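*Asks:* Just one file: my_file-v5.cif, with mmCIF, C-alpha atoms and all ligand atoms.
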data_upload
loop_
_atom_site.label_atom_id
_atom_site.label_comp_id
_atom_site.auth_asym_id
_atom_site.auth_seq_id
_atom_site.Cartn_x
_atom_site.Cartn_y
_atom_site.Cartn_z
CA MET A 5 174.53 46.97 90.10
CA GLU A 6 176.81 47.82 87.24
CA PHE A 7 180.47 46.94 87.04
CA VAL A 8 182.63 48.70 84.45
CA GLN A 9 185.64 46.90 83.02
CA THR A 10 188.78 48.32 81.46
CA VAL A 11 191.17 46.00 79.63
CA LEU A 12 194.65 47.23 80.63
CA ARG A 13 196.39 44.31 78.93
CA PRO A 14 194.63 41.45 77.10
CA HIS A 15 194.98 39.32 80.26
CA ILE A 16 194.72 42.10 82.91
CA ILE A 17 191.24 43.53 83.45
CA GLN A 18 190.48 46.34 85.88
CA ILE A 19 186.88 46.31 87.07
CA GLU A 20 185.20 49.20 88.85
CA ASN A 21 182.06 49.38 91.00
CA PRO A 22 179.75 52.44 91.20
CA ILE A 23 181.55 53.93 94.21
CA GLY A 24 184.97 53.98 92.58
CA ASN A 25 186.58 50.82 93.97
CA CYS A 26 188.55 48.71 91.53
CA TYR A 27 189.76 45.16 91.51
CA THR A 28 192.04 43.42 89.08
CA LEU A 29 191.42 40.12 87.32
CA VAL A 30 194.56 38.44 85.96
CA LEU A 31 193.99 35.68 83.42
CA GLY A 32 196.74 33.12 82.87
CA ARG A 33 196.51 30.20 80.47
CA GLU A 34 195.58 27.76 83.26
CA LYS A 35 194.50 29.82 86.26
CA ALA A 36 193.08 33.21 87.12
CA LEU A 37 193.71 35.49 90.06
CA LEU A 38 191.51 38.18 91.56
CA PHE A 39 193.27 40.97 93.42
CA ASP A 40 190.83 42.65 95.83
CA THR A 41 187.12 42.03 96.29
CA MET A 42 185.96 45.67 96.63
CA ALA A 43 183.14 46.83 98.91
CA GLY A 44 180.73 43.91 98.62
CA LEU A 45 178.28 45.64 96.26
CA GLY A 46 176.65 43.44 93.64
CA ASP A 47 177.35 39.80 92.89
CA LEU A 48 181.08 39.91 92.32
CA LYS A 49 181.52 36.13 92.11
CA LYS A 50 178.88 35.77 89.43
CA TYR A 51 180.40 38.65 87.50
CA VAL A 52 183.90 37.10 87.60
CA GLU A 53 182.51 33.70 86.62
CA GLY A 54 181.02 35.43 83.59
CA LEU A 55 184.52 36.53 82.57
CA THR A 56 186.45 33.33 83.19
CA SER A 57 185.89 29.67 83.99
CA LEU A 58 189.52 29.16 85.07
CA PRO A 59 190.29 28.08 88.67
CA LEU A 60 190.42 31.29 90.68
CA THR A 61 192.68 32.44 93.52
CA VAL A 62 191.42 35.45 95.49
CA LEU A 63 193.63 37.91 97.40
CA ASN A 64 192.83 41.13 99.26
CA SER A 65 195.49 43.85 99.15
CA HIS A 66 194.62 45.02 102.67
CA GLY A 67 191.96 45.07 105.36
CA HIS A 68 189.88 48.12 104.41
CA PHE A 69 186.19 47.54 103.67
CA ASP A 70 186.46 48.76 100.07
CA HIS A 71 189.09 46.10 99.27
CA MET A 72 187.90 43.08 101.28
CA GLY A 73 184.11 43.61 101.41
CA GLY A 74 183.28 41.08 98.69
CA SER A 75 185.24 38.26 100.34
CA SER A 76 182.20 36.42 101.70
CA SER A 77 181.26 35.32 98.16
CA PHE A 78 184.40 33.20 97.81
CA ASP A 79 185.42 29.99 99.58
CA GLU A 80 189.06 30.93 100.16
CA VAL A 81 190.51 34.43 100.34
CA TYR A 82 194.06 35.42 101.28
CA MET A 83 194.87 38.55 103.30
CA ASN A 84 197.91 39.57 105.33
CA ARG A 85 197.29 38.66 108.96
CA LEU A 86 198.72 42.05 110.07
CA ASP A 87 195.46 43.60 108.81
CA TRP A 88 193.09 41.10 110.42
CA PRO A 89 192.84 43.22 113.63
CA LEU A 90 191.41 46.11 111.55
CA LEU A 91 188.28 44.20 110.63
CA PRO A 92 186.12 44.69 113.77
CA ARG A 93 186.63 48.47 113.70
CA PHE A 94 185.52 48.78 110.08
CA GLU A 95 182.55 46.51 110.65
CA GLU A 96 181.36 49.01 113.29
CA CYS A 97 181.51 51.81 110.67
CA LEU A 98 179.64 50.01 107.88
CA GLU A 99 176.29 51.67 108.50
CA VAL A 100 177.81 55.18 108.48
CA ILE A 101 179.87 54.37 105.38
CA GLY A 102 176.85 52.95 103.49
CA LYS A 103 174.73 56.00 104.36
CA ASN A 104 177.41 58.44 103.22
CA ALA A 105 178.21 56.44 100.06
CA GLY A 106 174.50 56.08 99.25
CA CYS A 107 174.60 52.28 99.11
CA ASN A 108 173.61 49.26 101.15
CA LEU A 109 176.61 47.40 102.52
CA SER A 110 174.66 44.65 104.31
CA ARG A 111 176.26 42.04 102.04
CA THR A 112 179.68 43.30 103.12
CA ARG A 113 179.00 42.39 106.75
CA GLY A 114 179.48 38.67 106.07
CA SER A 115 183.02 39.32 104.86
CA TYR A 116 183.99 40.43 108.37
CA ARG A 117 183.13 37.06 109.87
CA LYS A 118 185.05 35.15 107.26
CA PRO A 119 188.23 33.31 108.25
CA PHE A 120 190.99 34.43 105.88
CA LEU A 121 194.08 32.55 104.78
CA PRO A 122 197.38 34.31 105.59
CA LEU A 123 198.93 36.18 102.67
CA GLU A 124 202.69 36.43 103.08
CA PRO A 125 205.48 38.10 101.10
CA GLY A 126 207.10 35.70 98.63
CA MET A 127 203.99 33.58 98.04
CA THR A 128 203.90 32.90 94.31
CA TRP A 129 201.23 31.76 91.90
CA GLU A 130 201.98 30.32 88.46
CA LEU A 131 198.93 31.11 86.35
CA GLY A 132 200.28 29.77 83.04
CA GLY A 133 202.57 32.29 81.35
CA ILE A 134 202.14 34.68 84.26
CA THR A 135 204.06 34.54 87.53
CA ALA A 136 202.40 36.52 90.33
CA ARG A 137 204.42 37.14 93.50
CA ALA A 138 203.16 38.73 96.72
CA VAL A 139 205.24 41.62 98.09
CA SER A 140 204.91 43.60 101.30
CA LEU A 141 204.06 47.32 100.90
CA PRO A 142 203.47 48.65 104.45
CA GLY A 143 202.42 52.24 105.13
CA HIS A 144 198.77 52.77 104.23
CA THR A 145 198.09 49.87 106.60
CA PRO A 146 200.56 47.53 108.36
CA GLY A 147 199.51 44.56 106.22
CA SER A 148 199.24 46.23 102.80
CA MET A 149 200.38 43.83 100.09
CA GLY A 150 201.12 44.13 96.40
CA LEU A 151 201.24 41.57 93.64
CA LEU A 152 204.13 41.64 91.21
CA LEU A 153 203.26 40.31 87.74
CA GLU A 154 206.78 39.40 86.77
CA GLU A 155 206.50 38.92 82.99
CA ASP A 156 204.35 42.04 82.58
CA LYS A 157 206.57 44.13 84.88
CA ILE A 158 203.42 45.44 86.54
CA LEU A 159 202.80 45.85 90.28
CA LEU A 160 199.24 45.64 91.58
CA ALA A 161 199.50 47.99 94.54
CA GLY A 162 196.05 48.31 96.11
CA ASP A 163 196.16 51.52 98.18
CA ALA A 164 199.84 51.16 99.12
CA LEU A 165 200.90 53.54 96.33
CA SER A 166 198.63 56.30 95.08
CA PRO A 167 198.70 59.76 93.50
CA GLU A 168 196.33 60.64 96.35
CA MET A 169 198.17 58.83 99.12
CA CYS A 170 196.11 58.17 102.26
CA LEU A 171 198.00 57.89 105.54
CA PHE A 172 195.25 59.36 107.73
CA PHE A 173 193.98 56.09 109.20
CA PRO A 174 194.77 55.28 112.84
CA GLU A 175 196.57 52.17 111.56
CA SER A 176 198.72 54.04 109.00
CA LEU A 177 202.41 53.63 109.74
CA PRO A 178 205.00 56.43 110.17
CA LEU A 179 206.18 58.36 107.13
CA ARG A 180 209.58 56.65 107.19
CA THR A 181 207.84 53.29 106.63
CA TYR A 182 205.99 54.61 103.57
CA LEU A 183 209.23 56.16 102.24
CA HIS A 184 210.95 52.82 102.72
CA THR A 185 208.16 51.13 100.78
CA LEU A 186 208.57 53.67 97.95
CA ASN A 187 212.30 52.92 97.86
CA GLN A 188 211.63 49.17 97.79
CA VAL A 189 209.23 49.57 94.85
CA GLU A 190 211.78 51.72 93.04
CA GLU A 191 214.12 48.69 93.15
CA MET A 192 211.49 46.31 91.76
CA PRO A 193 211.69 45.21 88.11
CA ILE A 194 208.50 46.99 87.03
CA ASP A 195 207.50 49.53 84.37
CA TRP A 196 203.97 50.19 85.63
CA PHE A 197 201.77 50.00 88.69
CA ILE A 198 198.02 49.73 89.19
CA GLN A 199 196.18 51.40 92.07
CA GLY A 200 192.95 50.19 93.68
CA HIS A 201 190.79 53.22 92.81
CA TYR A 202 191.87 53.94 89.22
CA ASN A 203 191.17 52.04 86.02
CA ARG A 204 194.51 52.79 84.37
CA LEU A 205 198.22 52.00 84.51
CA PHE A 206 200.63 54.44 86.14
CA PRO A 207 204.23 54.65 84.89
CA LYS A 208 207.00 53.79 87.31
CA SER A 209 208.40 57.31 86.78
CA LEU A 210 205.47 58.60 88.87
CA LEU A 211 207.17 57.11 91.95
CA LYS A 212 209.59 60.06 91.96
CA LYS A 213 206.63 62.44 92.30
CA LEU A 214 205.11 60.30 95.06
CA HIS A 215 208.46 60.49 96.84
CA ASP A 216 208.62 64.30 96.48
CA CYS A 217 205.06 64.51 97.76
CA ALA A 218 205.89 62.34 100.78
CA LEU A 219 208.48 64.91 101.86
CA LEU A 220 205.90 67.72 102.12
CA PRO A 221 204.50 66.88 105.61
CA GLY A 222 206.68 68.66 108.13
CA GLN A 223 207.98 71.05 105.46
CA LYS A 224 204.90 73.10 104.75
CA LYS A 225 201.43 73.81 106.06
CA GLY A 226 198.69 71.57 104.75
CA TYR A 227 194.92 71.84 104.37
CA PRO A 228 192.42 70.36 106.84
CA TYR A 229 190.87 67.13 105.56
CA VAL A 230 187.68 65.29 106.60
CA ASN A 231 186.91 61.88 105.07
CA SER A 232 183.57 61.91 103.28
CA LEU A 233 182.66 58.31 104.17
CA ILE A 234 183.88 58.23 107.78
CA PRO A 235 183.78 61.84 109.02
CA SER A 236 185.52 60.92 112.26
CA LEU A 237 188.64 60.34 110.15
CA ARG A 238 190.40 63.68 109.84
CA GLY A 239 193.83 64.73 108.76
CA THR A 240 195.97 67.16 106.82
CA MET A 241 196.33 67.25 103.05
CA PHE A 242 199.57 68.31 101.36
CA ILE A 243 199.37 68.98 97.63
CA LEU A 244 202.37 68.61 95.31
CA GLU A 245 200.56 69.20 92.00
CA PHE A 246 196.91 69.87 91.18
CA GLN A 247 197.02 68.39 87.69
CA ASN A 248 199.75 65.94 86.80
CA PRO A 249 199.40 64.29 83.37
CA ASP A 250 200.91 60.96 84.46
CA ALA A 251 198.61 60.82 87.47
CA ASP A 252 195.68 62.16 85.46
CA GLY A 253 194.91 64.41 88.43
CA THR A 254 196.17 65.64 91.75
CA ILE A 255 199.27 64.37 93.52
CA CYS A 256 198.81 64.77 97.24
CA ILE A 257 199.31 63.03 100.56
CA ILE A 258 196.90 63.05 103.50
CA THR A 259 198.29 62.37 106.96
CA LYS A 260 196.53 61.96 110.28
CA GLU A 261 196.77 64.47 113.13
CA GLY A 262 200.06 64.20 115.01
CA TYR A 263 201.54 62.04 112.27
CA ASP A 264 205.12 60.86 112.78
CA VAL A 265 207.02 62.53 109.93
CA SER A 266 210.53 61.70 111.19
CA ALA A 267 212.56 60.26 108.33
ZN ZN A 301 192.71 51.39 102.02
#
Once you've parsed the file, please lay out its structure as structure tokens.

*Replies:*
Amino acid sequence: MEFVQTVLRPHIIQIENPIGNCYTLVLGREKALLFDTMAGLGDLKKYVEGLTSLPLTVLNSHGHFDHMGGSSSFDEVYMNRLDWPLLPRFEECLEVIGKNAGCNLSRTRGSYRKPFLPLEPGMTWELGGITARAVSLPGHTPGSMGLLLEEDKILLAGDALSPEMCLFFPESLPLRTYLHTLNQVEEMPIDWFIQGHYNRLFPKSLLKKLHDCALLPGQKKGYPYVNSLIPSLRGTMFILEFQNPDADGTICIITKEGYDVSA
């Protein structure tokens, strides 16, 4: 099992697994923080211990399998309690997901039985030269959380912000909630954000495009969408741009059937 690492800042490392999930390791002078545990492939704990011997805090951005699946390797993991109810449903899908992704997710199963610690907005970790503060970013899921790295002016956003924004899950909240989250992030003192499936920084200016894209549902006809890992998840894709240089790809939004697009 190969992990690939990209150094985004000397103390911020984005690490990717073979199925395109990323997690972020933040290294302070005294402590380290891991944001997301990915899908549970490979020995994540051993890999992180190879990168740092600092005391480690582990957070999951939200309750989807590809962000919390490696939790069972760690003693204590924080996750917003609003996403705890999602866990049994995803555990039921693990076999289908593993088959479609071409990987064995048996290790992931243990993460679903793990008791999590509640992650709440405003919780702050002082890592030594780096202040990391949890912020609420609802939309993708009810309990989606971000981590604001105050000195770096970087927001770790998980799946809560994305050039390819996914709101097709049964648990995704109405469009107005996502738009509110975008507005909240616009007010935050950041220059960049990091998404949970890309190994790069996105400029804050991309938020304007994400906002424009979020206005497409209800305004134009979209394309039918079927999720490749969980084919029972279907929706409608609305494309703003096929190739945006800041996004390094497509800017689109995917909503579920009958999605509430009222502003
Ligand atoms: Zn997700």

*Asks:* Can you measure atom CA of Leu45 of chain A to atom CA of Ile198 of chain A for me? One decimal in Å is fine.

*Replies:*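 Between atom CA of Leu45 of chain A and atom CA of Ile198 of chain A the gap works out to 21.4 Å.
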
*Asks:* Give me, as a PyMOL selection string, all polymer residues having an atom no more than 9 Å from Met149 of chain A, counting all atoms listed in the file and skipping those fewer than 5 positions away in the same chain.

*Replies:* chain A and resi 64-66+83-84+123-125+138-142+160-164

*Asks:* Rounded to one decimal place, report the atom CA of Pro249 of chain A-atom CA of His184 of chain A distance in Å.

*Replies:* 25.3 Å

*Asks:* Restricting the calculation to all atoms listed in the file, which member of A:Val30, A:Leu38, A:Leu153, A:Ile234 is positioned closest to Leu98 of chain A?

*Replies:*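 Answer, going by the shortest atom-to-atom distance: A:Ile234.
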
*Asks:* From the list A:Ile17, A:Leu37, A:Met42, A:Cys256, which residue is nearest ligand ZN 301 (chain A) when using only C-alpha atoms and all ligand atoms?

*Replies:*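 Selected residue with least distance to ligand ZN 301 (chain A): A:Met42.
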
*Asks:* Could you give me the residues within 10 Å of ligand ZN 301 (chain A), counting only C-alpha atoms and all ligand atoms, as a list in words?

*Replies:*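 Listing the residues within 10 Å of ligand ZN 301 (chain A) gives Ser65, His66, Gly67, His68, Phe69, Asp70, His71, Met72, His144, Thr145, Ser148, Gly162, Asp163, Ala164, Met169, Cys170, Leu171, Phe173, Ser176, Gly200 and His201 of chain A.
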
*Asks:* Using Å and a single decimal, report how far atom CA of Glu20 of chain A sits from atom CA of Gly114 of chain A.

*Replies:*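 Atom CA of Glu20 of chain A lies 21.0 Å from atom CA of Gly114 of chain A.
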
*Asks:* Nearest to Tyr27 of chain A among A:Phe78, A:Arg204, A:Asp156, A:Ser115, with distances taken over all atoms listed in the file: which residue is it?

*Replies:*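 Going through A:Phe78, A:Arg204, A:Asp156, A:Ser115 one by one, the smallest distance to Tyr27 of chain A is for A:Arg204.
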
*Asks:* Closest to Ser77 of chain A among A:Lys118, A:Lys103, A:Arg93, A:Lys49, using all atoms listed in the file?

*Replies:* A:Lys49

*Asks:* Please determine, counting all atoms listed in the file, which residue among A:Leu214, A:Leu186, A:Ile23, A:Leu151 has the shortest atom-to-atom distance to Gly106 of chain A.

*Replies:* A:Ile23

*Asks:* So, counting only C-alpha atoms, which residue among A:Arg113, A:Arg180, A:Arg238, A:Lys35 is closest to Val62 of chain A?

*Replies:*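 Checking each candidate against Val62 of chain A, we get A:Lys35 as the closest.
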